[in-house]
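This is model.csv. It holds CSV, C-alpha atoms.
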```
chain,number,residue,atom,x,y,z
T,1420,MET,CA,-14.7,-40.7,-0.8
T,1421,THR,CA,-15.9,-41.0,-4.3
T,1422,ILE,CA,-13.5,-41.2,-7.3
T,1423,GLN,CA,-14.7,-37.7,-8.3
T,1424,SER,CA,-13.9,-36.1,-4.9
T,1425,LEU,CA,-10.5,-38.0,-4.9
T,1426,VAL,CA,-9.7,-36.5,-8.3
T,1427,HIS,CA,-10.8,-33.1,-7.1
T,1428,THR,CA,-8.6,-33.3,-4.0
T,1429,ILE,CA,-5.6,-34.4,-5.9
T,1430,PHE,CA,-6.1,-31.7,-8.5
T,1431,HIS,CA,-6.2,-29.0,-5.8
T,1432,ALA,CA,-3.2,-30.5,-4.1
T,1433,ILE,CA,-1.2,-30.2,-7.4
T,1434,ILE,CA,-2.4,-26.6,-8.0
T,1435,PHE,CA,-1.5,-25.7,-4.4
T,1436,PHE,CA,2.0,-27.3,-4.6
T,1437,TYR,CA,2.6,-25.6,-7.9
T,1438,SER,CA,1.5,-22.2,-6.6
T,1439,SER,CA,3.7,-22.6,-3.5
T,1440,GLN,CA,6.7,-23.5,-5.6
T,1441,THR,CA,6.1,-20.6,-7.9
T,1442,LEU,CA,5.9,-18.1,-5.1
T,1443,ALA,CA,9.0,-19.5,-3.5
T,1444,ASP,CA,10.8,-19.2,-6.8
T,1445,ASP,CA,9.6,-15.6,-7.2
T,1446,TYR,CA,10.9,-14.8,-3.7
T,1447,ASN,CA,14.3,-16.4,-4.2
T,1448,GLU,CA,14.8,-14.9,-7.6
T,1449,GLY,CA,13.8,-11.5,-6.2
T,1450,LYS,CA,16.3,-11.9,-3.4
T,1451,LEU,CA,19.0,-12.6,-5.9
T,1452,LYS,CA,18.1,-9.7,-8.0
T,1453,SER,CA,17.7,-7.3,-5.0
T,1454,PHE,CA,21.4,-6.7,-4.8
T,1455,ILE,CA,21.0,-4.0,-7.4
T,1456,CYS,CA,18.6,-2.2,-5.1
T,1457,ALA,CA,20.5,-2.8,-1.8
T,1458,GLU,CA,22.9,0.1,-2.1
T,1459,CYS,CA,20.2,2.6,-1.6
T,1460,HIS,CA,17.3,0.6,-0.1
T,1461,GLY,CA,19.2,-1.7,2.2
T,1462,GLU,CA,19.7,-5.4,2.0
T,1463,LYS,CA,16.2,-6.1,3.2
T,1464,GLY,CA,14.5,-2.9,2.1
T,1465,VAL,CA,15.2,-0.7,5.1
T,1466,SER,CA,17.2,2.2,3.6
T,1467,ALA,CA,20.0,3.9,5.4
T,1468,LEU,CA,19.2,7.4,4.1
T,1469,GLY,CA,16.0,9.2,4.6
T,1470,LYS,CA,15.6,10.3,1.0
T,1471,TYR,CA,15.3,6.6,-0.1
T,1472,PRO,CA,12.0,4.9,0.8
T,1473,ASN,CA,11.9,1.7,2.8
T,1474,LEU,CA,10.6,-1.1,0.6
T,1475,SER,CA,10.4,-3.8,3.3
T,1476,GLY,CA,6.8,-4.8,4.1
T,1477,GLN,CA,5.5,-2.6,1.3
T,1478,LYS,CA,2.4,-3.8,-0.7
T,1479,PHE,CA,3.3,-6.2,-3.5
T,1480,GLU,CA,0.8,-4.6,-5.9
T,1481,TYR,CA,2.1,-1.1,-5.2
T,1482,LEU,CA,5.7,-2.2,-5.7
T,1483,VAL,CA,4.9,-3.8,-9.0
T,1484,SER,CA,3.1,-0.6,-10.2
T,1485,ALA,CA,5.9,1.7,-9.0
T,1486,LEU,CA,8.6,-0.3,-10.7
T,1487,THR,CA,6.5,-0.6,-13.9
T,1488,ALA,CA,5.9,3.1,-13.8
T,1489,TYR,CA,9.6,3.8,-13.5
T,1490,ARG,CA,10.3,1.4,-16.4
T,1491,SER,CA,7.8,3.1,-18.7
T,1492,GLY,CA,8.9,6.6,-17.6
T,1493,LEU,CA,5.4,7.4,-16.3
T,1494,ARG,CA,7.1,8.0,-13.0
T,1495,GLN,CA,10.3,10.0,-13.2
T,1496,SER,CA,13.5,9.6,-11.3
T,1497,GLU,CA,16.9,9.7,-12.9
T,1498,ILE,CA,18.2,7.0,-10.7
T,1499,MET,CA,15.2,4.7,-10.7
T,1500,ASN,CA,14.5,5.0,-14.4
T,1501,ALA,CA,18.0,3.8,-15.1
T,1502,MET,CA,17.9,1.1,-12.5
T,1503,VAL,CA,14.8,-0.7,-13.8
T,1504,THR,CA,15.4,-0.3,-17.5
T,1505,ASN,CA,16.5,-3.9,-17.9
T,1506,LEU,CA,13.9,-5.5,-15.7
T,1507,ASN,CA,11.2,-7.7,-17.3
T,1508,ASP,CA,7.8,-8.2,-15.8
T,1509,GLN,CA,8.9,-11.4,-14.0
T,1510,ASP,CA,11.9,-9.6,-12.5
T,1511,ILE,CA,9.6,-6.9,-11.2
T,1512,LYS,CA,7.2,-9.5,-9.8
T,1513,ASN,CA,10.1,-11.3,-8.1
T,1514,LEU,CA,11.4,-8.1,-6.5
T,1515,ALA,CA,8.0,-7.1,-5.3
T,1516,THR,CA,7.5,-10.6,-3.8
T,1517,TYR,CA,10.8,-10.4,-2.0
T,1518,TYR,CA,10.4,-6.9,-0.5
T,1519,SER,CA,6.7,-7.3,0.4
T,1520,GLN,CA,7.6,-10.3,2.5
T,1521,GLN,CA,10.3,-8.6,4.5
T,1522,ASP,CA,9.7,-7.5,8.0
T,1523,CYS,CA,9.3,-3.8,7.8
T,1524,ASN,CA,11.8,-2.8,10.4
E,479,MET,CA,30.0,25.0,37.4
E,480,THR,CA,31.0,28.4,36.0
E,481,ILE,CA,28.4,30.9,35.0
E,482,GLN,CA,29.4,30.3,31.4
E,483,SER,CA,28.7,26.6,31.6
E,484,LEU,CA,25.4,27.2,33.5
E,485,VAL,CA,24.2,29.6,30.8
E,486,HIS,CA,25.3,27.0,28.2
E,487,THR,CA,23.3,24.2,30.0
E,488,ILE,CA,20.2,26.4,30.3
E,489,PHE,CA,20.4,27.4,26.7
E,490,HIS,CA,20.6,23.8,25.6
E,491,ALA,CA,17.7,22.8,27.9
E,492,ILE,CA,15.6,25.5,26.3
E,493,ILE,CA,16.5,24.5,22.8
E,494,PHE,CA,15.8,20.8,23.6
E,495,PHE,CA,12.4,21.7,25.2
E,496,TYR,CA,11.4,23.8,22.3
E,497,SER,CA,12.5,21.2,19.8
E,498,SER,CA,10.5,18.5,21.6
E,499,GLN,CA,7.4,20.6,21.8
E,500,THR,CA,7.7,21.4,18.1
E,501,LEU,CA,8.1,17.8,17.2
E,502,ALA,CA,5.1,16.8,19.4
E,503,ASP,CA,3.1,19.6,17.7
E,504,ASP,CA,4.1,18.4,14.3
E,505,TYR,CA,3.0,14.8,15.2
E,506,ASN,CA,-0.3,15.9,16.7
E,507,GLU,CA,-1.1,18.2,13.8
E,508,GLY,CA,-0.2,15.5,11.4
E,509,LYS,CA,-2.4,13.0,13.1
E,510,LEU,CA,-5.3,15.5,12.9
E,511,LYS,CA,-4.7,16.1,9.2
E,512,SER,CA,-4.2,12.4,8.4
E,513,PHE,CA,-7.9,11.7,8.2
E,514,ILE,CA,-7.8,12.9,4.6
E,515,CYS,CA,-5.3,10.1,3.8
E,516,ALA,CA,-6.9,7.4,5.9
E,517,GLU,CA,-9.5,6.2,3.5
E,518,CYS,CA,-6.8,4.9,1.2
E,519,HIS,CA,-3.8,4.5,3.4
E,520,GLY,CA,-5.5,3.4,6.6
E,521,GLU,CA,-5.7,5.2,9.9
E,522,LYS,CA,-2.1,4.5,10.8
E,523,GLY,CA,-0.7,4.2,7.3
E,524,VAL,CA,-1.3,0.6,6.7
E,525,SER,CA,-3.4,0.5,3.6
E,526,ALA,CA,-6.2,-2.0,3.1
E,527,LEU,CA,-5.7,-2.3,-0.7
E,528,GLY,CA,-2.5,-3.5,-2.3
E,529,LYS,CA,-2.5,-0.7,-4.9
E,530,TYR,CA,-2.1,2.0,-2.1
E,531,PRO,CA,1.4,2.1,-0.4
E,532,ASN,CA,1.8,1.7,3.3
E,533,LEU,CA,3.0,4.9,4.8
E,534,SER,CA,3.6,3.7,8.4
E,535,GLY,CA,7.2,3.7,9.3
E,536,GLN,CA,8.2,5.2,6.0
E,537,LYS,CA,11.2,7.6,6.0
E,538,PHE,CA,10.3,11.2,7.0
E,539,GLU,CA,12.4,12.8,4.3
E,540,TYR,CA,11.0,10.5,1.6
E,541,LEU,CA,7.4,11.3,2.6
E,542,VAL,CA,8.1,15.1,2.5
E,543,SER,CA,9.7,14.7,-0.9
E,544,ALA,CA,6.8,12.5,-2.3
E,545,LEU,CA,4.1,14.8,-1.0
E,546,THR,CA,6.0,17.9,-2.3
E,547,ALA,CA,6.4,16.3,-5.7
E,548,TYR,CA,2.7,15.4,-5.9
E,549,ARG,CA,1.8,19.0,-5.0
E,550,SER,CA,4.1,20.5,-7.7
E,551,GLY,CA,3.0,17.9,-10.3
E,552,LEU,CA,6.5,16.6,-10.6
E,553,ARG,CA,5.0,13.2,-9.6
E,554,GLN,CA,1.7,12.4,-11.3
E,555,SER,CA,-1.3,10.7,-9.8
E,556,GLU,CA,-4.8,11.9,-10.4
E,557,ILE,CA,-5.8,11.1,-6.8
E,558,MET,CA,-2.7,12.3,-5.0
E,559,ASN,CA,-2.3,15.5,-7.0
E,560,ALA,CA,-5.8,16.5,-5.9
E,561,MET,CA,-5.4,15.4,-2.3
E,562,VAL,CA,-2.3,17.5,-1.6
E,563,THR,CA,-3.2,20.6,-3.5
E,564,ASN,CA,-4.1,22.5,-0.4
E,565,LEU,CA,-1.3,21.3,1.9
E,566,ASN,CA,1.3,23.9,2.8
E,567,ASP,CA,4.9,23.0,3.7
E,568,GLN,CA,4.1,22.7,7.4
E,569,ASP,CA,1.1,20.4,6.7
E,570,ILE,CA,3.4,18.1,4.7
E,571,LYS,CA,6.0,18.1,7.5
E,572,ASN,CA,3.3,17.3,10.0
E,573,LEU,CA,2.0,14.4,8.0
E,574,ALA,CA,5.5,13.0,7.4
E,575,THR,CA,6.2,13.2,11.1
E,576,TYR,CA,3.0,11.4,12.0
E,577,TYR,CA,3.4,8.5,9.5
E,578,SER,CA,7.1,8.1,9.9
E,579,GLN,CA,6.6,7.5,13.6
E,580,GLN,CA,3.9,4.8,13.2
E,581,ASP,CA,4.8,1.2,13.7
E,582,CYS,CA,5.0,-0.3,10.2
E,583,ASN,CA,2.6,-3.2,10.8
```
Rewritten as structure tokens:
Amino acid sequence: MTIQSLVHTIFHAIIFFYSSQTLADDYNEGKLKSFICAECHGEKGVSALGKYPNLSGQKFEYLVSALTAYRSGLRQSEIMNAMVTNLNDQDIKNLATYYSQQDCN
Amino acid sequence: MTIQSLVHTIFHAIIFFYSSQTLADDYNEGKLKSFICAECHGEKGVSALGKYPNLSGQKFEYLVSALTAYRSGLRQSEIMNAMVTNLNDQDIKNLATYYSQQDCN
């Protein structure tokens, strides 16, 4: 192994470690924050009532866009617009990470 | 068994049979109609791209309300408003029956 390839490997290991940690942080922070969603959408995103969508196993990207649209008012819902008003971009990413990684039933 | 309870049992059997048939019809009609959704949402409601939500295993009532809101324009999406414009209430019910009964992954 040349010095160059060793440096390359170490560099990628650091990036991989950092990415894994970040993703785990997002998940855990999302789980913490999800208590505000749980009353309607269930603790793990399987809602008890038919009028509330399941969130478990939903696409990360879709969840981010739905929450962002509720926050901006592009998507209208009296309940949801109020629920997300104080979420920042990182909160939204965290919640989407948490719900997208739940089993869907 | 009295005549009254026999009549009662037969009456309920007919209602049950009729309901089952109707539900099966809704499912099959929904499956037929779902080809218009499949390009984005996948054949069974598991979408290939993150920006399109999974529909499989989603709540029936939520799916009906989402499609109805897209049709009325209450919920805005250039693609979805166009996709649902020709659906009648029964079509929407059929699609919601089909997708809500799919395994969610």
Work out how far apart atom CA of T:Ala1488 and atom CA of E:Asn564 are and give it in Å to one decimal.
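Between these atoms lies a distance of 25.6 Å.
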Least-squares Cα fit of chain T to chain E, output as a PDB file with C-alpha atoms, in the frame of the given file:
```
ATOM      1  CA  MET T1420      30.046  24.982  37.575  1.00  0.00           C
ATOM      2  CA  THR T1421      30.985  28.304  36.210  1.00  0.00           C
ATOM      3  CA  ILE T1422      28.373  30.963  35.258  1.00  0.00           C
ATOM      4  CA  GLN T1423      29.318  30.361  31.592  1.00  0.00           C
ATOM      5  CA  SER T1424      28.705  26.570  31.719  1.00  0.00           C
ATOM      6  CA  LEU T1425      25.413  27.253  33.687  1.00  0.00           C
ATOM      7  CA  VAL T1426      24.279  29.590  30.912  1.00  0.00           C
ATOM      8  CA  HIS T1427      25.299  27.059  28.312  1.00  0.00           C
ATOM      9  CA  THR T1428      23.358  24.270  30.027  1.00  0.00           C
ATOM     10  CA  ILE T1429      20.278  26.316  30.411  1.00  0.00           C
ATOM     11  CA  PHE T1430      20.442  27.467  26.813  1.00  0.00           C
ATOM     12  CA  HIS T1431      20.616  23.857  25.577  1.00  0.00           C
ATOM     13  CA  ALA T1432      17.835  22.860  27.903  1.00  0.00           C
ATOM     14  CA  ILE T1433      15.573  25.584  26.340  1.00  0.00           C
ATOM     15  CA  ILE T1434      16.544  24.579  22.761  1.00  0.00           C
ATOM     16  CA  PHE T1435      15.881  20.916  23.610  1.00  0.00           C
ATOM     17  CA  PHE T1436      12.460  21.639  25.229  1.00  0.00           C
ATOM     18  CA  TYR T1437      11.523  23.808  22.304  1.00  0.00           C
ATOM     19  CA  SER T1438      12.551  21.188  19.747  1.00  0.00           C
ATOM     20  CA  SER T1439      10.619  18.487  21.642  1.00  0.00           C
ATOM     21  CA  GLN T1440       7.514  20.624  21.759  1.00  0.00           C
ATOM     22  CA  THR T1441       7.790  21.422  18.106  1.00  0.00           C
ATOM     23  CA  LEU T1442       8.082  17.816  17.085  1.00  0.00           C
ATOM     24  CA  ALA T1443       5.188  16.859  19.285  1.00  0.00           C
ATOM     25  CA  ASP T1444       3.126  19.593  17.706  1.00  0.00           C
ATOM     26  CA  ASP T1445       4.112  18.409  14.216  1.00  0.00           C
ATOM     27  CA  TYR T1446       3.048  14.861  15.142  1.00  0.00           C
ATOM     28  CA  ASN T1447      -0.297  15.857  16.620  1.00  0.00           C
ATOM     29  CA  GLU T1448      -1.132  18.210  13.822  1.00  0.00           C
ATOM     30  CA  GLY T1449      -0.196  15.494  11.318  1.00  0.00           C
ATOM     31  CA  LYS T1450      -2.449  13.048  13.104  1.00  0.00           C
ATOM     32  CA  LEU T1451      -5.296  15.468  12.843  1.00  0.00           C
ATOM     33  CA  LYS T1452      -4.706  16.102   9.254  1.00  0.00           C
ATOM     34  CA  SER T1453      -4.194  12.371   8.395  1.00  0.00           C
ATOM     35  CA  PHE T1454      -7.893  11.750   8.237  1.00  0.00           C
ATOM     36  CA  ILE T1455      -7.829  12.896   4.646  1.00  0.00           C
ATOM     37  CA  CYS T1456      -5.351  10.152   3.859  1.00  0.00           C
ATOM     38  CA  ALA T1457      -6.958   7.376   5.997  1.00  0.00           C
ATOM     39  CA  GLU T1458      -9.514   6.243   3.459  1.00  0.00           C
ATOM     40  CA  CYS T1459      -6.911   4.813   1.230  1.00  0.00           C
ATOM     41  CA  HIS T1460      -3.808   4.497   3.451  1.00  0.00           C
ATOM     42  CA  GLY T1461      -5.408   3.370   6.670  1.00  0.00           C
ATOM     43  CA  GLU T1462      -5.739   5.169   9.931  1.00  0.00           C
ATOM     44  CA  LYS T1463      -2.126   4.572  10.810  1.00  0.00           C
ATOM     45  CA  GLY T1464      -0.676   4.216   7.330  1.00  0.00           C
ATOM     46  CA  VAL T1465      -1.250   0.521   6.737  1.00  0.00           C
ATOM     47  CA  SER T1466      -3.501   0.481   3.640  1.00  0.00           C
ATOM     48  CA  ALA T1467      -6.234  -2.018   3.131  1.00  0.00           C
ATOM     49  CA  LEU T1468      -5.712  -2.371  -0.635  1.00  0.00           C
ATOM     50  CA  GLY T1469      -2.575  -3.466  -2.277  1.00  0.00           C
ATOM     51  CA  LYS T1470      -2.510  -0.714  -4.876  1.00  0.00           C
ATOM     52  CA  TYR T1471      -2.113   1.927  -2.073  1.00  0.00           C
ATOM     53  CA  PRO T1472       1.327   2.033  -0.416  1.00  0.00           C
ATOM     54  CA  ASN T1473       1.739   1.670   3.319  1.00  0.00           C
ATOM     55  CA  LEU T1474       3.002   4.943   4.754  1.00  0.00           C
ATOM     56  CA  SER T1475       3.544   3.736   8.341  1.00  0.00           C
ATOM     57  CA  GLY T1476       7.240   3.635   9.304  1.00  0.00           C
ATOM     58  CA  GLN T1477       8.209   5.225   6.002  1.00  0.00           C
ATOM     59  CA  LYS T1478      11.200   7.695   5.952  1.00  0.00           C
ATOM     60  CA  PHE T1479      10.206  11.223   6.939  1.00  0.00           C
ATOM     61  CA  GLU T1480      12.431  12.778   4.255  1.00  0.00           C
ATOM     62  CA  TYR T1481      11.018  10.536   1.534  1.00  0.00           C
ATOM     63  CA  LEU T1482       7.448  11.301   2.581  1.00  0.00           C
ATOM     64  CA  VAL T1483       8.069  15.002   2.498  1.00  0.00           C
ATOM     65  CA  SER T1484       9.610  14.740  -1.034  1.00  0.00           C
ATOM     66  CA  ALA T1485       6.801  12.512  -2.344  1.00  0.00           C
ATOM     67  CA  LEU T1486       4.080  14.793  -1.090  1.00  0.00           C
ATOM     68  CA  THR T1487       5.939  17.889  -2.394  1.00  0.00           C
ATOM     69  CA  ALA T1488       6.361  16.185  -5.708  1.00  0.00           C
ATOM     70  CA  TYR T1489       2.665  15.430  -5.911  1.00  0.00           C
ATOM     71  CA  ARG T1490       1.862  19.058  -4.985  1.00  0.00           C
ATOM     72  CA  SER T1491       4.090  20.479  -7.714  1.00  0.00           C
ATOM     73  CA  GLY T1492       2.906  17.888 -10.274  1.00  0.00           C
ATOM     74  CA  LEU T1493       6.453  16.536 -10.693  1.00  0.00           C
ATOM     75  CA  ARG T1494       4.985  13.236  -9.645  1.00  0.00           C
ATOM     76  CA  GLN T1495       1.684  12.375 -11.271  1.00  0.00           C
ATOM     77  CA  SER T1496      -1.335  10.701  -9.825  1.00  0.00           C
ATOM     78  CA  GLU T1497      -4.850  11.927 -10.351  1.00  0.00           C
ATOM     79  CA  ILE T1498      -5.841  11.096  -6.866  1.00  0.00           C
ATOM     80  CA  MET T1499      -2.739  12.260  -5.044  1.00  0.00           C
ATOM     81  CA  ASN T1500      -2.343  15.470  -6.995  1.00  0.00           C
ATOM     82  CA  ALA T1501      -5.823  16.463  -5.955  1.00  0.00           C
ATOM     83  CA  MET T1502      -5.389  15.341  -2.403  1.00  0.00           C
ATOM     84  CA  VAL T1503      -2.314  17.451  -1.609  1.00  0.00           C
ATOM     85  CA  THR T1504      -3.217  20.555  -3.547  1.00  0.00           C
ATOM     86  CA  ASN T1505      -4.165  22.459  -0.416  1.00  0.00           C
ATOM     87  CA  LEU T1506      -1.327  21.325   1.779  1.00  0.00           C
ATOM     88  CA  ASN T1507       1.347  23.862   2.831  1.00  0.00           C
ATOM     89  CA  ASP T1508       4.873  22.903   3.671  1.00  0.00           C
ATOM     90  CA  GLN T1509       4.075  22.661   7.412  1.00  0.00           C
ATOM     91  CA  ASP T1510       1.115  20.377   6.697  1.00  0.00           C
ATOM     92  CA  ILE T1511       3.372  18.124   4.673  1.00  0.00           C
ATOM     93  CA  LYS T1512       5.999  18.140   7.426  1.00  0.00           C
ATOM     94  CA  ASN T1513       3.332  17.281  10.012  1.00  0.00           C
ATOM     95  CA  LEU T1514       2.003  14.367   7.955  1.00  0.00           C
ATOM     96  CA  ALA T1515       5.432  13.010   7.321  1.00  0.00           C
ATOM     97  CA  THR T1516       6.219  13.246  11.073  1.00  0.00           C
ATOM     98  CA  TYR T1517       3.062  11.390  11.945  1.00  0.00           C
ATOM     99  CA  TYR T1518       3.403   8.513   9.443  1.00  0.00           C
ATOM    100  CA  SER T1519       7.177   8.061   9.906  1.00  0.00           C
ATOM    101  CA  GLN T1520       6.591   7.471  13.584  1.00  0.00           C
ATOM    102  CA  GLN T1521       3.973   4.799  13.155  1.00  0.00           C
ATOM    103  CA  ASP T1522       4.787   1.207  13.663  1.00  0.00           C
ATOM    104  CA  CYS T1523       4.987  -0.238  10.234  1.00  0.00           C
ATOM    105  CA  ASN T1524       2.649  -3.127  10.680  1.00  0.00           C
TER     106      ASN T1524
END
```
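Distances from T:Gln1495, T:Thr1487, T:Asn1447, T:Gln1509 to chain E were compared using all atoms listed in the file, and the smallest one belongs to T:Gln1495.
Minimum distance to T:Ala1515 across E:Leu533, E:Gly528, E:Phe513, E:Leu484 (counting all atoms listed in the file) occurs at E:Gly528.
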May I have the residues of chain E within 8 Å of chain T, counting only C-alpha atoms, written as a list in words?
Gly528, Lys529, Tyr530, Pro531, Asn532, Gly535, Gln536, Lys537, Phe538, Glu539, Tyr540, Ser543, Arg553, Gln554, Cys582 and Asn583 of chain E
Written file, previous selection with C-alpha atoms, as a PDB file, keeping the file's coordinate frame:
```
ATOM      1  CA  GLY E 528      -2.500  -3.500  -2.300  1.00  0.00           C
ATOM      2  CA  LYS E 529      -2.500  -0.700  -4.900  1.00  0.00           C
ATOM      3  CA  TYR E 530      -2.100   2.000  -2.100  1.00  0.00           C
ATOM      4  CA  PRO E 531       1.400   2.100  -0.400  1.00  0.00           C
ATOM      5  CA  ASN E 532       1.800   1.700   3.300  1.00  0.00           C
ATOM      6  CA  GLY E 535       7.200   3.700   9.300  1.00  0.00           C
ATOM      7  CA  GLN E 536       8.200   5.200   6.000  1.00  0.00           C
ATOM      8  CA  LYS E 537      11.200   7.600   6.000  1.00  0.00           C
ATOM      9  CA  PHE E 538      10.300  11.200   7.000  1.00  0.00           C
ATOM     10  CA  GLU E 539      12.400  12.800   4.300  1.00  0.00           C
ATOM     11  CA  TYR E 540      11.000  10.500   1.600  1.00  0.00           C
ATOM     12  CA  SER E 543       9.700  14.700  -0.900  1.00  0.00           C
ATOM     13  CA  ARG E 553       5.000  13.200  -9.600  1.00  0.00           C
ATOM     14  CA  GLN E 554       1.700  12.400 -11.300  1.00  0.00           C
ATOM     15  CA  CYS E 582       5.000  -0.300  10.200  1.00  0.00           C
ATOM     16  CA  ASN E 583       2.600  -3.200  10.800  1.00  0.00           C
TER      17      ASN E 583
END
```
Identify, on the basis of all atoms listed in the file, every residue whose closest approach to T:Leu1451 does not exceed 12 Å; exclude the query and any residue fewer than 2 positions from it along the same chain; express the result as a list in words.
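Listed by chain and then number, they are Asp1444, Asp1445, Tyr1446, Asn1447, Glu1448, Gly1449, Ser1453, Phe1454, Ile1455, Cys1456, Ala1457, Glu1462, Lys1463, Asp1510, Asn1513, Leu1514, Thr1516, Tyr1517 and Tyr1518 of chain T.
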Take the residues from that selection and write them out as a compact mmCIF listing (two decimals), keeping the file's coordinate frame, keeping C-alpha atoms.
```txt
# COMPACT_ATOMS: atom_id res chain seq x y z
CA ASP T 1444 10.80 -19.20 -6.80
CA ASP T 1445 9.60 -15.60 -7.20
CA TYR T 1446 10.90 -14.80 -3.70
CA ASN T 1447 14.30 -16.40 -4.20
CA GLU T 1448 14.80 -14.90 -7.60
CA GLY T 1449 13.80 -11.50 -6.20
CA SER T 1453 17.70 -7.30 -5.00
CA PHE T 1454 21.40 -6.70 -4.80
CA ILE T 1455 21.00 -4.00 -7.40
CA CYS T 1456 18.60 -2.20 -5.10
CA ALA T 1457 20.50 -2.80 -1.80
CA GLU T 1462 19.70 -5.40 2.00
CA LYS T 1463 16.20 -6.10 3.20
CA ASP T 1510 11.90 -9.60 -12.50
CA ASN T 1513 10.10 -11.30 -8.10
CA LEU T 1514 11.40 -8.10 -6.50
CA THR T 1516 7.50 -10.60 -3.80
CA TYR T 1517 10.80 -10.40 -2.00
CA TYR T 1518 10.40 -6.90 -0.50
```
Residue with smallest distance to E:Asp567 - pool E:Lys509, E:Ser483, E:Ser550, E:Ser498, counting all atoms listed in the file
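Of the candidates, the smallest distance to E:Asp567 is held by E:Ser550.
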Identify, on the basis of all atoms listed in the file, every residue whose closest approach to T:Thr1504 does not exceed 10 Å; exclude the query and any residue fewer than 2 positions from it along the same chain; express the result as a PyMOL selection string.
chain T and resi 1486-1487+1489-1492+1499-1502+1506-1507
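For the pair atom CA of T:Gln1521 and atom CA of T:Gly1464, the interatomic distance is 7.5 Å.
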